[in-house]
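Visitor: One structure, pasted below without further comment.
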Amino acid sequence: MEICLHIGAHRTGTTTFQQFMYNNDRVLRDHGVRFWGPKQTRVGLFAGLIRDPVFLSDADEKLGNRSIGRIKIEASRARADRVNHLVISEENMIGTMAENFRSSMLYGQAGERMARFAPAFADSPLRIGIAIRSYERHWASALSFRIRTGMAVPDQESLDMMVTQPRRWQHLIIDVAQALPQAQIMVWPFEAWGSQPESQLAAITARPVPMGVRAIHPWCNASRGPQELAQCLADRGDHTGADNMRKHGERYMPFDTDHISKLKQDYSADIAWLSSGADGLATYLGPTGETFGGQTDMRGHRDERGEERLVGSG
């Protein structure tokens, strides 16, 4: 049995992928695919493992060790049920949006976090799927989500730190590869594959999508626009913030032109590294060309028009 980890990143259609998998659970089971998503991982299965490494206590370590044992037991049961692919989707394995904002760092703990899971998957063939997204849209989407749940609107200094923080998707991929060196890592751009959970499934299982899988799926956990965010701010008494938010028009974009230019350059450098082979650490599934289970003419491209088609997805 092969274990296939879908680990994010956040705001790249992870919730949409998870809902797609749940919606097709019966058909996938009939074809030897078992799925664990947040309904499994966040009710105790990953207890003690998804925890900020800085604040780990002895109790957390003991709980994490018990969770590793439980994961192995559940995986053994799936193997006994003749499951061919156990697909696990949990974006918090690499870190959280809250931690990214607290540290002004892009998944700075990813290596430590993934290393804690390594013993649970040591006995199985392992494939990992990672979706990446242009930085200005990734940070803006994450900010939209966090503002709606109570985070303050970032000031200029905070935005500057997001632009100048040193970590890139390349560092995340390297961290994951070092923590789980036996894994095959597949990376795809949200701009091309965000609307295709079926292609993502094919990529991380290395097999065609089973017949009978429903490809029609809704966007889930979408980013909120400026008007809705403004109402959230007004409801909690931040009327100045609400007035400023309404000036954004149809889409929340806190970064200025210089910021956006820098962030796009950084993303282009990531794509170039991936396209050139990623130092042998990962396989890049770009927006064009034949890909296993994907489409030659994929919906969306790595440009402004493609991103508009995927606006707000989470």
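Each chain in the structure tokens gets a letter, A, B and so on, in the order shown; residues start at 1 in every chain, and ligands are counted from 1 in the order they appear.
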Would you kindly return, as a PDB file with C-alpha atoms, in the first residue's frame, each protein, DNA or RNA residue with an atom no farther than 10 Å from any atom of A:Pro166, considering only C-alpha atoms and excluding same-chain residues fewer than 5 positions away?
Guide:
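Saved result, part-v6.pdb, follows:
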```pdb
ATOM      1  CA  SER A 104       6.451  36.659   9.340  1.00  0.00           C
ATOM      2  CA  MET A 105       7.929  33.519   7.833  1.00  0.00           C
ATOM      3  CA  LEU A 106       6.694  31.068   5.202  1.00  0.00           C
ATOM      4  CA  GLY A 108       9.588  28.179   8.953  1.00  0.00           C
ATOM      5  CA  MET A 161       8.122  41.801   6.419  1.00  0.00           C
ATOM      6  CA  HIS A 171      12.841  26.086   1.050  1.00  0.00           C
TER       7      HIS A 171
END
```
Visitor: Please provide as JSON, numbers by chain all residues within 6 Å of stretch 247-259 of chain A, with the sequence filter that same-chain residues fewer than 5 positions apart are discarded (counting only C-alpha atoms).
Guide: {"A": [140, 225, 226]}
Visitor: Hey, what's within 12 Å of A:Ala78 if we count only C-alpha atoms and toss same-chain stuff fewer than 6 positions away? As a list in words, please?
Guide: Met1, Glu2, Ile3, Arg29, Gly32, Val33, Arg34, Phe35, Trp36, Ile71, Lys72, Asn84, His85, Leu86 and Val87 of chain A
Visitor: Can you pull out the residues contacting A:Lys264? Cut-off 8 Å, using only C-alpha atoms, and skip same-chain residues under 6 positions away; I want them as a list of chain:residue names.
Guide: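 The residues that qualify are A:Ser134, A:Tyr135, A:Glu136.
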Visitor: Taking the DSSP secondary structure from the backbone, can you list the residues of stretch 133-272 of chain A that are strand (DSSP E), as a PyMOL selection string?
Guide: chain A and resi 184-189
Visitor: Kindly export the residues of the current selection with all heavy atoms, as a PDB file, in the first residue's frame.
Guide:
```
ATOM      1  N   GLN A 184       8.622  10.458  -2.825  1.00  0.00           N
ATOM      2  CA  GLN A 184       8.565  11.130  -4.113  1.00  0.00           C
ATOM      3  C   GLN A 184       7.685  12.369  -3.936  1.00  0.00           C
ATOM      4  O   GLN A 184       6.554  12.250  -3.464  1.00  0.00           O
ATOM      5  CB  GLN A 184       7.966  10.223  -5.183  1.00  0.00           C
ATOM      6  CG  GLN A 184       8.766   8.975  -5.472  1.00  0.00           C
ATOM      7  CD  GLN A 184       8.117   8.148  -6.571  1.00  0.00           C
ATOM      8  OE1 GLN A 184       7.781   8.652  -7.641  1.00  0.00           O
ATOM      9  NE2 GLN A 184       7.934   6.868  -6.295  1.00  0.00           N
ATOM     10  N   ILE A 185       8.184  13.526  -4.310  1.00  0.00           N
ATOM     11  CA  ILE A 185       7.458  14.777  -4.108  1.00  0.00           C
ATOM     12  C   ILE A 185       6.981  15.317  -5.439  1.00  0.00           C
ATOM     13  O   ILE A 185       7.762  15.473  -6.382  1.00  0.00           O
ATOM     14  CB  ILE A 185       8.350  15.815  -3.399  1.00  0.00           C
ATOM     15  CG1 ILE A 185       8.789  15.280  -2.032  1.00  0.00           C
ATOM     16  CG2 ILE A 185       7.601  17.137  -3.232  1.00  0.00           C
ATOM     17  CD1 ILE A 185       9.747  16.206  -1.295  1.00  0.00           C
ATOM     18  N   MET A 186       5.686  15.597  -5.531  1.00  0.00           N
ATOM     19  CA  MET A 186       5.069  16.193  -6.708  1.00  0.00           C
ATOM     20  C   MET A 186       4.631  17.607  -6.346  1.00  0.00           C
ATOM     21  O   MET A 186       4.004  17.820  -5.308  1.00  0.00           O
ATOM     22  CB  MET A 186       3.849  15.375  -7.161  1.00  0.00           C
ATOM     23  CG  MET A 186       4.022  13.857  -7.071  1.00  0.00           C
ATOM     24  SD  MET A 186       5.379  13.239  -8.083  1.00  0.00           S
ATOM     25  CE  MET A 186       4.724  13.556  -9.724  1.00  0.00           C
ATOM     26  N   VAL A 187       4.946  18.565  -7.207  1.00  0.00           N
ATOM     27  CA  VAL A 187       4.597  19.966  -6.962  1.00  0.00           C
ATOM     28  C   VAL A 187       3.839  20.497  -8.162  1.00  0.00           C
ATOM     29  O   VAL A 187       4.244  20.267  -9.314  1.00  0.00           O
ATOM     30  CB  VAL A 187       5.868  20.815  -6.726  1.00  0.00           C
ATOM     31  CG1 VAL A 187       5.489  22.269  -6.428  1.00  0.00           C
ATOM     32  CG2 VAL A 187       6.696  20.245  -5.580  1.00  0.00           C
ATOM     33  N   TRP A 188       2.752  21.208  -7.903  1.00  0.00           N
ATOM     34  CA  TRP A 188       2.000  21.824  -8.995  1.00  0.00           C
ATOM     35  C   TRP A 188       1.600  23.248  -8.621  1.00  0.00           C
ATOM     36  O   TRP A 188       1.459  23.579  -7.449  1.00  0.00           O
ATOM     37  CB  TRP A 188       0.763  21.001  -9.341  1.00  0.00           C
ATOM     38  CG  TRP A 188      -0.201  20.798  -8.223  1.00  0.00           C
ATOM     39  CD1 TRP A 188      -1.195  21.643  -7.797  1.00  0.00           C
ATOM     40  CD2 TRP A 188      -0.274  19.641  -7.363  1.00  0.00           C
ATOM     41  NE1 TRP A 188      -1.869  21.105  -6.747  1.00  0.00           N
ATOM     42  CE2 TRP A 188      -1.342  19.874  -6.459  1.00  0.00           C
ATOM     43  CE3 TRP A 188       0.440  18.449  -7.279  1.00  0.00           C
ATOM     44  CZ2 TRP A 188      -1.693  18.951  -5.480  1.00  0.00           C
ATOM     45  CZ3 TRP A 188       0.091  17.528  -6.304  1.00  0.00           C
ATOM     46  CH2 TRP A 188      -0.958  17.784  -5.416  1.00  0.00           C
ATOM     47  N   PRO A 189       1.394  24.108  -9.614  1.00  0.00           N
ATOM     48  CA  PRO A 189       0.983  25.491  -9.340  1.00  0.00           C
ATOM     49  C   PRO A 189      -0.531  25.593  -9.189  1.00  0.00           C
ATOM     50  O   PRO A 189      -1.283  25.068 -10.012  1.00  0.00           O
ATOM     51  CB  PRO A 189       1.463  26.247 -10.576  1.00  0.00           C
ATOM     52  CG  PRO A 189       1.393  25.237 -11.676  1.00  0.00           C
ATOM     53  CD  PRO A 189       1.683  23.893 -11.042  1.00  0.00           C
TER      54      PRO A 189
END
```
Visitor: I'd like the neighbourhood of A:Leu201 as a list in words, where a residue qualifies if any of its atoms comes within 9 Å (using only C-alpha atoms), though same-chain residues fewer than 6 positions away should be ignored.
Guide: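 Within the cut-off, the hits are His6, Phe17, Met21, Val87, Gly129, Arg207, Pro208, Val209 and Gly293 of chain A.
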Visitor: So how far away is atom CA of A:Asn221 from atom CA of A:Thr16, in Å?
Guide: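 Atom CA of A:Thr16 sits 7.5 Å away from atom CA of A:Asn221.
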Visitor: Using only C-alpha atoms, which of the listed residues (A:Ala179, A:Ala122, A:Ile88, A:Leu229) sits closest to A:Arg146?
Guide: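 Closest residue, counting only C-alpha atoms: A:Leu229.
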Visitor: Where in stretch 97-170 of chain A does DSSP assign helix (DSSP H, G or I), given as a PyMOL selection string?
Guide: chain A and resi 97-103+110-121+135-148+156-164+169-170
Visitor: Give the answer as one residue: which of A:Gln165, A:Ser57, A:Thr14, A:Asn23 has the shortest atom-to-atom distance to A:Glu91, using only C-alpha atoms?
Guide: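 Closest to A:Glu91, using only C-alpha atoms: A:Thr14.
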Visitor: Within 8 Å of stretch 265-274 of chain A, counting only C-alpha atoms, which residues qualify if same-chain residues fewer than 5 places away don't, as a list of chain:residue names?
Guide: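 Contacts, with the query itself left out: A:Arg133, A:Ser134, A:Tyr135, A:Arg168, A:Trp169, A:Gln170, A:Asp279, A:Ala282, A:Thr283, A:Tyr284.
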Visitor: In Å, rounded to a single decimal, give me how far atom CA of A:Phe101 is from atom CA of A:Ser67.
Guide: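 Spanning atom CA of A:Ser67 to atom CA of A:Phe101 is a straight-line distance of 27.5 Å.
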Visitor: Using only C-alpha atoms, which of the listed residues (A:Ser103, A:Ser276, A:Phe20, A:Ile132) sits closest to A:Glu191?
Guide: A:Ile132
Visitor: I want to know what sits within 10 Å of A:Asn65, based on only C-alpha atoms, with residues of the same chain fewer than 6 positions away left out; could you give that as a compact mmCIF listing (two decimals) with all heavy atoms, in the first residue's frame?
Guide:
```txt
# COMPACT_ATOMS: atom_id res chain seq x y z
N PHE A 46 -4.13 12.80 14.64
CA PHE A 46 -2.84 13.50 14.62
C PHE A 46 -2.57 14.26 15.92
O PHE A 46 -1.73 15.15 15.96
CB PHE A 46 -2.80 14.48 13.45
CG PHE A 46 -2.56 13.84 12.10
CD1 PHE A 46 -2.48 12.46 11.96
CD2 PHE A 46 -2.39 14.63 10.97
CE1 PHE A 46 -2.26 11.87 10.73
CE2 PHE A 46 -2.15 14.06 9.74
CZ PHE A 46 -2.10 12.67 9.61
N ALA A 47 -3.26 13.90 16.98
CA ALA A 47 -3.10 14.61 18.26
C ALA A 47 -1.65 14.57 18.72
O ALA A 47 -1.00 13.53 18.69
CB ALA A 47 -4.00 13.99 19.32
N GLY A 48 -1.15 15.72 19.15
CA GLY A 48 0.21 15.82 19.63
C GLY A 48 1.24 15.98 18.55
O GLY A 48 2.40 16.32 18.83
N LEU A 49 0.87 15.76 17.29
CA LEU A 49 1.81 15.89 16.17
C LEU A 49 1.71 17.25 15.51
O LEU A 49 2.72 17.83 15.11
CB LEU A 49 1.56 14.78 15.14
CG LEU A 49 1.85 13.36 15.62
CD1 LEU A 49 1.41 12.34 14.59
CD2 LEU A 49 3.33 13.19 15.95
N ALA A 59 4.14 16.08 27.71
CA ALA A 59 2.82 15.50 27.44
C ALA A 59 2.54 15.46 25.94
O ALA A 59 1.98 14.49 25.43
CB ALA A 59 1.75 16.29 28.17
N ILE A 71 -1.61 5.81 14.00
CA ILE A 71 -1.56 5.93 12.55
C ILE A 71 -1.09 4.62 11.92
O ILE A 71 -1.64 4.14 10.93
CB ILE A 71 -0.63 7.09 12.14
CG1 ILE A 71 -1.24 8.44 12.55
CG2 ILE A 71 -0.37 7.08 10.63
CD1 ILE A 71 -0.29 9.61 12.44
N ARG A 116 8.44 14.97 12.63
CA ARG A 116 7.70 14.31 13.70
C ARG A 116 6.77 13.23 13.14
O ARG A 116 6.43 12.27 13.85
CB ARG A 116 6.89 15.33 14.51
CG ARG A 116 7.76 16.40 15.18
CD ARG A 116 6.99 17.16 16.24
NE ARG A 116 6.72 16.31 17.40
CZ ARG A 116 5.61 16.35 18.11
NH1 ARG A 116 4.63 17.17 17.76
NH2 ARG A 116 5.45 15.56 19.15
N PHE A 117 6.34 13.40 11.89
CA PHE A 117 5.47 12.40 11.27
C PHE A 117 6.24 11.25 10.65
O PHE A 117 5.66 10.20 10.34
CB PHE A 117 4.62 13.06 10.17
CG PHE A 117 3.48 13.89 10.68
CD1 PHE A 117 3.63 15.25 10.89
CD2 PHE A 117 2.24 13.32 10.94
CE1 PHE A 117 2.58 16.03 11.35
CE2 PHE A 117 1.18 14.08 11.40
CZ PHE A 117 1.35 15.44 11.62
N PRO A 119 8.24 8.77 11.49
CA PRO A 119 8.13 7.37 11.95
C PRO A 119 6.82 6.71 11.58
O PRO A 119 6.77 5.48 11.42
CB PRO A 119 8.28 7.50 13.47
CG PRO A 119 9.02 8.78 13.69
CD PRO A 119 8.52 9.69 12.61
N ALA A 120 5.76 7.49 11.43
CA ALA A 120 4.45 6.92 11.12
C ALA A 120 4.40 6.36 9.71
O ALA A 120 3.60 5.46 9.41
CB ALA A 120 3.36 7.97 11.30
```
Visitor: Restricting the calculation to only C-alpha atoms: of A:Gly212, A:Gly95, A:Pro125, A:Pro197, which residue gets closest to A:Gln182?
Guide: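 Checking each candidate against A:Gln182, we get A:Pro125 as the closest.
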Visitor: Nearest to A:Gln19: which of A:Arg246, A:Arg137, A:Arg236, A:Arg214 is it, counting only C-alpha atoms?
Guide: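 For A:Gln19, the nearest of the candidates is A:Arg214.
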Visitor: Can you work out which one of A:Met97, A:Val213, A:Ile260, A:Ala203 has the shortest atom-to-atom distance to A:Asp25, counting only C-alpha atoms?
Guide: A:Val213
Visitor: If you measure from atom CA of A:His138 to atom CA of A:Gln40, what distance in Å do you get, rounded to one decimal?
Guide: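 Going from atom CA of A:His138 over to atom CA of A:Gln40 covers 26.2 Å.
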